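Notes for the one structure printed next.
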Amino acid sequence: MSQSRTPATPTPDRSRVTANVVRGCLGNLVEWYDWFAYATFSIYFASVFFPEGDRTAQLLSTAVVFAVGFFMRPLGGWLLGAYADRFGRRRALTLSVTLMSAGSLTIALAPGHDAIGLWAPALLVLARLAQGLSVGGEFGSSASYLSEVAPEGRRGFYSSFQYVSIVMGQLAALLVAIVLQNLLTEDQLHGWGWRIPFVIGAVAGLIVMYLRRSMEESEHFEKEQARTAAPGAPERKGLTALFAEYPRQLLAVFGLAIGGTVAFYTYTTYLQKYLVNTAGIPQSTVTLIGFAALFVYMLMQPAVGALSDRIGRRPVMFAFSGGCMLLTVPLMTVLGRTSNPWIAFLLMTVALTFVTGYSALAAIIKAEMFPTKVRALGVGLPHALVTATFGGLTEPIALALKDGGQENLFFWYVTGCVGLTFLATLLVREPSHASHLDVTEAPADAPRPSKTAPLA
């Protein structure tokens, strides 16, 4: 069974590609700034939204609300993913950043528990639901857009900027925390200072909403629209096509995302609380450690993405999963026992170096598995389901095990999740040249050609 090819498209102008990538990533940056602002400042506003009590119990409560936002992500991955495949990447990305900004504004203005009782945590949950819907739809749409606007042979490099913008969002949240920690007292931060970053996020979201409305639509999406508008037999789309025609690809995305998501949230979001609660390092010092390590981590993304353009996706993904399986338990054990900030920084950087093997490829390795007609949905929905069930529960599981005196079991849990990614990598059928994508990839039960056609 042969597969038709389309003529190779001209290489896009580099400045045009860069402009589109930058506009797409700015929105991604703001969305993830808002998302991580919650995790960064929850240690300050936990007592505002929840009754006074044990500090770990309050942190656990805010972590559970953090997880609640994750449970909206599958709905966002489905609705906004299908929306992006039907109406365009640009419109879906604009909608997602609008939802995120609305959630940030709600958190910034919400009264505390002392003022309105249980309505305070209810508003917090409502805001997180909106933000979860936003982030759930953002990943698939953003991954599709970046992979489609990038030139052939450089898709790994350009797609890696998805996680560059994600980490920049987290760094922005940490930078705001560092500034506020130096300008305000602890009482001021706990009282009202924590609201400032959410106001910043809401305002920045309005600016990015305008920028996303003006960015170019993916040419590949426009070609797909033209193709499906032409006379011919009806074609399955959406969930029907996704589950009927691409079950192997869905299974692979699930497995790839499990270990990568758990490792990412362990070594970025949770690790900072771990260094405070377990290692006993002061919060302000931990913020600096996290900022420095994440900055190095951000710089590694394009280099690893470019490496995958040369040697393929699978070797890089095997390096991530194999390294994290071997190092998670010893690294976390030593981190929990050290009080030296430099050792903590070094070990955090080592861990994030291996995580780069997943994050730099997270967009492109999944986007390469699906054709344009279901790409945003195929990437976004399984990824969102995994982050809801595994990513969102990373902190609650870690804190609950710590509260039960079995913190070391969490390290083995992370190792097991990464092991699933190792197995899922075996399911990835890498093209003969890693920068190529199928125009209309054959269903899972159809024979595959020895080479694939460039994305069009």
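Numbering starts fresh at 1 for the residues of each chain in the structure tokens, the chains themselves are lettered A, B, ... in the order given, and ligands are numbered from 1 as they appear.
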
Surrounding residues of A:Pro111 excluding itself and chain neighbours under 3 positions, 9 Å, only C-alpha atoms, as number ranges by chain: A: 48-49, 107-108, 114-116, 119-120, 123

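Using only C-alpha atoms, the smallest distance between any of A:Gln162, A:Thr338, A:Ser144, A:Asn28 and A:Met100 comes from A:Asn28.
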
Shortest interatomic distance to A:Val21 - which of A:Met215, A:Leu126, A:Leu250, A:Ile43, counting only C-alpha atoms: A:Met215

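A straight line drawn from atom CA of A:Thr261 to atom CA of A:Gly391 is 5.6 Å long.
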
Residue nearest A:Thr18 among A:Leu327, A:Ala150, A:Ile364, A:Ile289 (counting only C-alpha atoms): A:Ala150

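When only C-alpha atoms are used to compute distances to A:Trp412, the closest of the residues A:Cys324, A:Met369, A:Arg213, A:Gly88 turns out to be A:Cys324.
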